[in-house]
Protein chains: 2
Amino acid sequence: MPYPSQIDREQIVSTARELLVAHGIEAVTLRRVAGVLGVKAPSLYRYIKNKNELLVAINEATSVALFAELGVAAEGEGSLVERLVGVAEAYRRYAHAHPVCYALAMSSNPELKPPQATQVGWVLPLQALFAELATEAESLAALRGAYAFLHGWVILEIGQQLQRGGDLNAHFAQSFRAYLAGWERG
Amino acid sequence: MPYPSQIDREQIVSTARELLVAHGIEAVTLRRVAGVLGVKAPSLYRYIKNKNELLVAINEATSVALFAELGVAAEGEGSLVERLVGVAEAYRRYAHAHPVCYALAMSSNPELKPPQATQVGWVLPLQALFAELATEAESLAALRGAYAFLHGWVILEIGQQLQRGGDLNAHFAQSFRAYLAGWERG
DNA sequence: TTATCAAGACTAACAGTGTTAGTTTTAACA
DNA sequence: TGTTAAAACTAACACTGTTAGTCTTGATAA
């Protein structure tokens with residue numbers, strides 16, 4: 001190697017994520033990422049194809065971390081309903097802890113989506129819980145509804161759109177339990 | 001008026017919305033909006049403060065139209081549950097009909113949020129339906145859960161994140177009815 | 001009919017973005 | 001010590017939102 005590199009892909013991704021977390025998505029520019037690493041923007045192109053690929057890498061890490069926490073919660077103690085509530089609380093806790101990363105990872109821009117394979121290891125175990133709650137045939141519907149509820153809730157919270165007072169923690173738990181109870185009867 | 005204007009604010013907003021609908025958010029640039037109107041970009045600044053204000057105007061129209069449709073659905077025929085299901089279907093129908101506008105209006109960027117006053121006229125009647133379903137004390141929690149579910153569901157659909165097959169229409173209806181049933185018991 | 005005048009358009013420019021082409025620096029190896 | 005290729009660089013392009021300053025226009029007053 002006639003010229004040892006000063007940076008690597010890992011550093012680029014983690015620097016970009018730090019800028020994202022600290023100053024928001026609009027602060028993530030290639031010139032700034034390069035500047036933090038003591039380098040000029042065009043040098044980054046030896047390690048990334050373009051900016052989108054960099055953001056996808058961040059989103060992949062976010063997705064992996066989120067699903068890992070859900071997995072831990074899914075294997076917890078207690079009744080079926082309590083474990084599902086635990087998963088929901090883990091989901092919300094993660095989104096609250098990493099709001100900017102979560103919002104970026106779940107952004108509706110399809111170019112920023114990490115490959116679906118990231119999640120697929122965890123959805124089946126989660127779906128199995130819903131199969132137990134309702135029926136095998138209903139499990140995908142029940143999982144999708146729960147996903148929609150959880151994503152919708154935390155994205156509204158992050159976007160400050162649940163501002164009419166009341167105990168958000170309690171409302172979240174009550175609503176999610178109502179959803180589970182509704183499937184239980186099926 | 002010593003120089004009759006060639007454009008007005010209304011034209012700017014609707015041209016921007018047409019570009020948004022036809023070619024996505026990245027196609028909405030001030031130079032392009034101006035070009036369609038036969039004018040140069042700086043001329044727009046006589047009618048709008050900046051680009052954000054233009055996007056907010058689009059989002060306000062989106063929000064008004066969405067809530068208007070919800071209002072119509074809320075006053076429909078049938079039992080309480082059927083009317084709530086009707087509201088949910090109207091919500092999803094609107095989002096499907098205007099996916100790009102919906103996604104922009106609900107974007108988590110707080111600078112693009114229209115003033116909350118836009119919605120406030122309709123949330124109370126909707127909350128009243130949930131008060132009837134559950135209890136007065138639970139109505140805000142139940143409304144918030146429904147809002148989270150609906151927003152989460154349609155935003156996942158728009159983002160193509162519900163791709164594992166099955167009948168999405170049926171899953172949506174089943175999940176939302178489960179949620180309502182869960183509150184009914186309370 | 002002509003001069004005035006301000007509204008409403010324009011041009012030119014700035015600082016910033018992602019990105020590419022082409023050039024130079026670097027340090028391990030023959 | 002000279003060669004060589006990896007890894008940095010500079011310069012530039014086309015684009016963005018936005019501002020300052022200038023010119024064009026046409027209804028009105030004389």
# chains A, B, ... in the order shown; residues from 1 in each chain; ligands from 1
>>> interface_residues(of="chain C", to="chain B", cutoff="8 Å", atoms="only C-alpha atoms (C1' of nucleotides)", output="ChimeraX atom specification")
/C:5-10
>>> write_last_selection(atoms="C-alpha atoms (C1' of nucleotides)", output="PDB file, in the first residue's frame")
ATOM      1  C1'  DC C   5     -43.841  57.169 -10.284  1.00  0.00           C
ATOM      2  C1'  DA C   6     -44.064  53.078  -7.932  1.00  0.00           C
ATOM      3  C1'  DA C   7     -45.322  48.191  -8.505  1.00  0.00           C
ATOM      4  C1'  DG C   8     -43.445  44.360 -10.363  1.00  0.00           C
ATOM      5  C1'  DA C   9     -40.507  42.362 -13.048  1.00  0.00           C
ATOM      6  C1'  DC C  10     -35.441  41.659 -14.137  1.00  0.00           C
TER       7       DC C  10
END
>>> closest_atom_pairs(of="chain B", to="chain A", cutoff="8 Å", atoms="only C-alpha atoms", output="CSV")
residue,atom,partner,partner_atom,distance
B:Ala103,CA,A:Ser108,CA,7.3
B:Ser107,CA,A:Gly159,CA,7.9
B:Ser108,CA,A:Gly159,CA,4.8
B:Asn109,CA,A:Gly159,CA,7.1
B:Pro110,CA,A:Gly159,CA,6.5
B:Leu140,CA,A:His171,CA,8.0
B:Ala141,CA,A:His171,CA,4.7
B:Ala142,CA,A:Ser175,CA,6.1
B:Arg144,CA,A:Leu162,CA,7.6
B:Gly145,CA,A:Ser175,CA,5.3
B:Ala146,CA,A:Phe149,CA,7.9
B:Tyr147,CA,A:Gly152,CA,7.7
B:Ala148,CA,A:Gly152,CA,4.3
B:Phe149,CA,A:Phe149,CA,4.0
B:Leu150,CA,A:Ala148,CA,7.4
B:His151,CA,A:Gly152,CA,5.4
B:Gly152,CA,A:Gly152,CA,3.6
B:Trp153,CA,A:Ala148,CA,4.5
B:Ile155,CA,A:Ser108,CA,7.3
B:Leu156,CA,A:Ala148,CA,7.0
B:Ile158,CA,A:Ser108,CA,7.2
B:Gly159,CA,A:Ser108,CA,4.8
B:Gln160,CA,A:Pro110,CA,7.9
B:Leu162,CA,A:Arg144,CA,7.6
B:His171,CA,A:Ala141,CA,4.7
B:Phe172,CA,A:Gly145,CA,7.1
B:Gln174,CA,A:Ala141,CA,7.2
B:Ser175,CA,A:Gly145,CA,5.3
B:Phe176,CA,A:Gly145,CA,7.5
B:Arg177,CA,A:Gly182,CA,7.6
B:Ala178,CA,A:Gly182,CA,4.1
B:Tyr179,CA,A:Tyr179,CA,4.2
B:Leu180,CA,A:Gly182,CA,7.1
B:Ala181,CA,A:Gly182,CA,5.0
B:Gly182,CA,A:Gly182,CA,4.0
B:Trp183,CA,A:Ala178,CA,5.4
>>> write_last_selection(atoms="C-alpha atoms", output="PDB file, in the first residue's frame")
ATOM      1  CA  ALA B 103     -46.220  12.508   3.212  1.00  0.00           C
ATOM      2  CA  SER B 107     -43.259  15.131   7.449  1.00  0.00           C
ATOM      3  CA  SER B 108     -41.487  15.306  10.789  1.00  0.00           C
ATOM      4  CA  ASN B 109     -39.838  18.600   9.818  1.00  0.00           C
ATOM      5  CA  PRO B 110     -41.442  21.049  12.264  1.00  0.00           C
ATOM      6  CA  LEU B 140     -58.227  11.437  24.223  1.00  0.00           C
ATOM      7  CA  ALA B 141     -56.167   8.263  24.629  1.00  0.00           C
ATOM      8  CA  ALA B 142     -58.436   6.377  22.247  1.00  0.00           C
ATOM      9  CA  ARG B 144     -54.548   9.374  19.857  1.00  0.00           C
ATOM     10  CA  GLY B 145     -54.182   5.645  19.405  1.00  0.00           C
ATOM     11  CA  ALA B 146     -56.451   5.701  16.381  1.00  0.00           C
ATOM     12  CA  TYR B 147     -54.561   8.643  14.902  1.00  0.00           C
ATOM     13  CA  ALA B 148     -51.262   6.834  15.459  1.00  0.00           C
ATOM     14  CA  PHE B 149     -52.594   3.658  13.886  1.00  0.00           C
ATOM     15  CA  LEU B 150     -54.015   5.414  10.838  1.00  0.00           C
ATOM     16  CA  HIS B 151     -51.013   7.617  10.232  1.00  0.00           C
ATOM     17  CA  GLY B 152     -48.584   4.760  10.815  1.00  0.00           C
ATOM     18  CA  TRP B 153     -50.472   2.430   8.523  1.00  0.00           C
ATOM     19  CA  ILE B 155     -47.224   6.083   5.886  1.00  0.00           C
ATOM     20  CA  LEU B 156     -45.915   2.516   5.863  1.00  0.00           C
ATOM     21  CA  ILE B 158     -46.836   4.884   1.023  1.00  0.00           C
ATOM     22  CA  GLY B 159     -43.242   3.979   1.884  1.00  0.00           C
ATOM     23  CA  GLN B 160     -43.757   0.470   0.493  1.00  0.00           C
ATOM     24  CA  LEU B 162     -45.870  -3.543   3.919  1.00  0.00           C
ATOM     25  CA  HIS B 171     -55.638  -6.433   7.252  1.00  0.00           C
ATOM     26  CA  PHE B 172     -56.298  -2.721   7.674  1.00  0.00           C
ATOM     27  CA  GLN B 174     -59.310  -6.171  10.762  1.00  0.00           C
ATOM     28  CA  SER B 175     -56.654  -4.314  12.721  1.00  0.00           C
ATOM     29  CA  PHE B 176     -58.642  -1.141  13.078  1.00  0.00           C
ATOM     30  CA  ARG B 177     -61.731  -3.052  14.164  1.00  0.00           C
ATOM     31  CA  ALA B 178     -59.616  -4.931  16.697  1.00  0.00           C
ATOM     32  CA  TYR B 179     -58.453  -1.603  18.085  1.00  0.00           C
ATOM     33  CA  LEU B 180     -62.022  -0.343  18.382  1.00  0.00           C
ATOM     34  CA  ALA B 181     -63.161  -3.617  19.948  1.00  0.00           C
ATOM     35  CA  GLY B 182     -60.380  -3.342  22.520  1.00  0.00           C
ATOM     36  CA  TRP B 183     -61.676   0.041  23.666  1.00  0.00           C
TER      37      TRP B 183
END
>>> interface_residues(of="chain D", to="chain B", cutoff="6 Å", atoms="only C-alpha atoms (C1' of nucleotides)", output="list in words")
DT25, DG26 and DA27 of chain D
>>> write_last_selection(atoms="C-alpha atoms (C1' of nucleotides)", output="PDB file, in the first residue's frame")
ATOM      1  C1'  DT D  25     -44.096  48.978 -17.416  1.00  0.00           C
ATOM      2  C1'  DG D  26     -48.548  51.293 -17.662  1.00  0.00           C
ATOM      3  C1'  DA D  27     -52.147  53.732 -14.895  1.00  0.00           C
TER       4       DA D  27
END
>>> atom_distance(atom1="CA of Asp8 (chain A)", atom2="CA of Leu44 (chain A)")
8.8 Å
>>> select_by_dssp(residues="chain B", states="alpha helix (DSSP H)", output="ChimeraX atom specification")
/B:9-23,30-36,51-74,80-97,99-105,117-133,139-158,168-185
>>> closest_residue(among="A:Ala27, A:Leu112, A:Ala131, A:Asn169", to="DT17 (chain C)", atoms="only C-alpha atoms (C1' of nucleotides)")
A:Ala27
>>> decode(residues="chain C", atoms="C-alpha atoms (C1' of nucleotides)", output="PDB file, in the first residue's frame")
ATOM      1  C1'  DT C   1     -50.957  64.057 -24.997  1.00  0.00           C
ATOM      2  C1'  DT C   2     -47.192  63.640 -22.164  1.00  0.00           C
ATOM      3  C1'  DA C   3     -44.388  63.217 -17.720  1.00  0.00           C
ATOM      4  C1'  DT C   4     -44.422  60.934 -13.252  1.00  0.00           C
ATOM      5  C1'  DC C   5     -43.841  57.169 -10.284  1.00  0.00           C
ATOM      6  C1'  DA C   6     -44.064  53.078  -7.932  1.00  0.00           C
ATOM      7  C1'  DA C   7     -45.322  48.191  -8.505  1.00  0.00           C
ATOM      8  C1'  DG C   8     -43.445  44.360 -10.363  1.00  0.00           C
ATOM      9  C1'  DA C   9     -40.507  42.362 -13.048  1.00  0.00           C
ATOM     10  C1'  DC C  10     -35.441  41.659 -14.137  1.00  0.00           C
ATOM     11  C1'  DT C  11     -30.049  40.613 -13.878  1.00  0.00           C
ATOM     12  C1'  DA C  12     -26.092  39.555 -11.212  1.00  0.00           C
ATOM     13  C1'  DA C  13     -24.312  37.596  -7.540  1.00  0.00           C
ATOM     14  C1'  DC C  14     -23.355  34.884  -3.120  1.00  0.00           C
ATOM     15  C1'  DA C  15     -22.800  30.951  -0.380  1.00  0.00           C
ATOM     16  C1'  DG C  16     -23.916  26.578  -0.172  1.00  0.00           C
ATOM     17  C1'  DT C  17     -24.876  21.646  -2.039  1.00  0.00           C
ATOM     18  C1'  DG C  18     -23.493  16.910  -4.413  1.00  0.00           C
ATOM     19  C1'  DT C  19     -20.390  15.289  -7.732  1.00  0.00           C
ATOM     20  C1'  DT C  20     -16.670  14.520 -11.435  1.00  0.00           C
ATOM     21  C1'  DA C  21     -12.160  15.008 -13.859  1.00  0.00           C
ATOM     22  C1'  DG C  22      -7.655  15.565 -13.603  1.00  0.00           C
ATOM     23  C1'  DT C  23      -3.410  16.370 -10.836  1.00  0.00           C
ATOM     24  C1'  DT C  24      -0.265  15.942  -7.093  1.00  0.00           C
ATOM     25  C1'  DT C  25       1.501  13.974  -2.936  1.00  0.00           C
ATOM     26  C1'  DT C  26       2.908  10.112  -0.429  1.00  0.00           C
ATOM     27  C1'  DA C  27       5.439   6.080   1.341  1.00  0.00           C
ATOM     28  C1'  DA C  28       6.216   1.088   0.706  1.00  0.00           C
ATOM     29  C1'  DC C  29       8.945  -1.746  -2.272  1.00  0.00           C
ATOM     30  C1'  DA C  30      12.425  -3.251  -6.052  1.00  0.00           C
TER      31       DA C  30
END
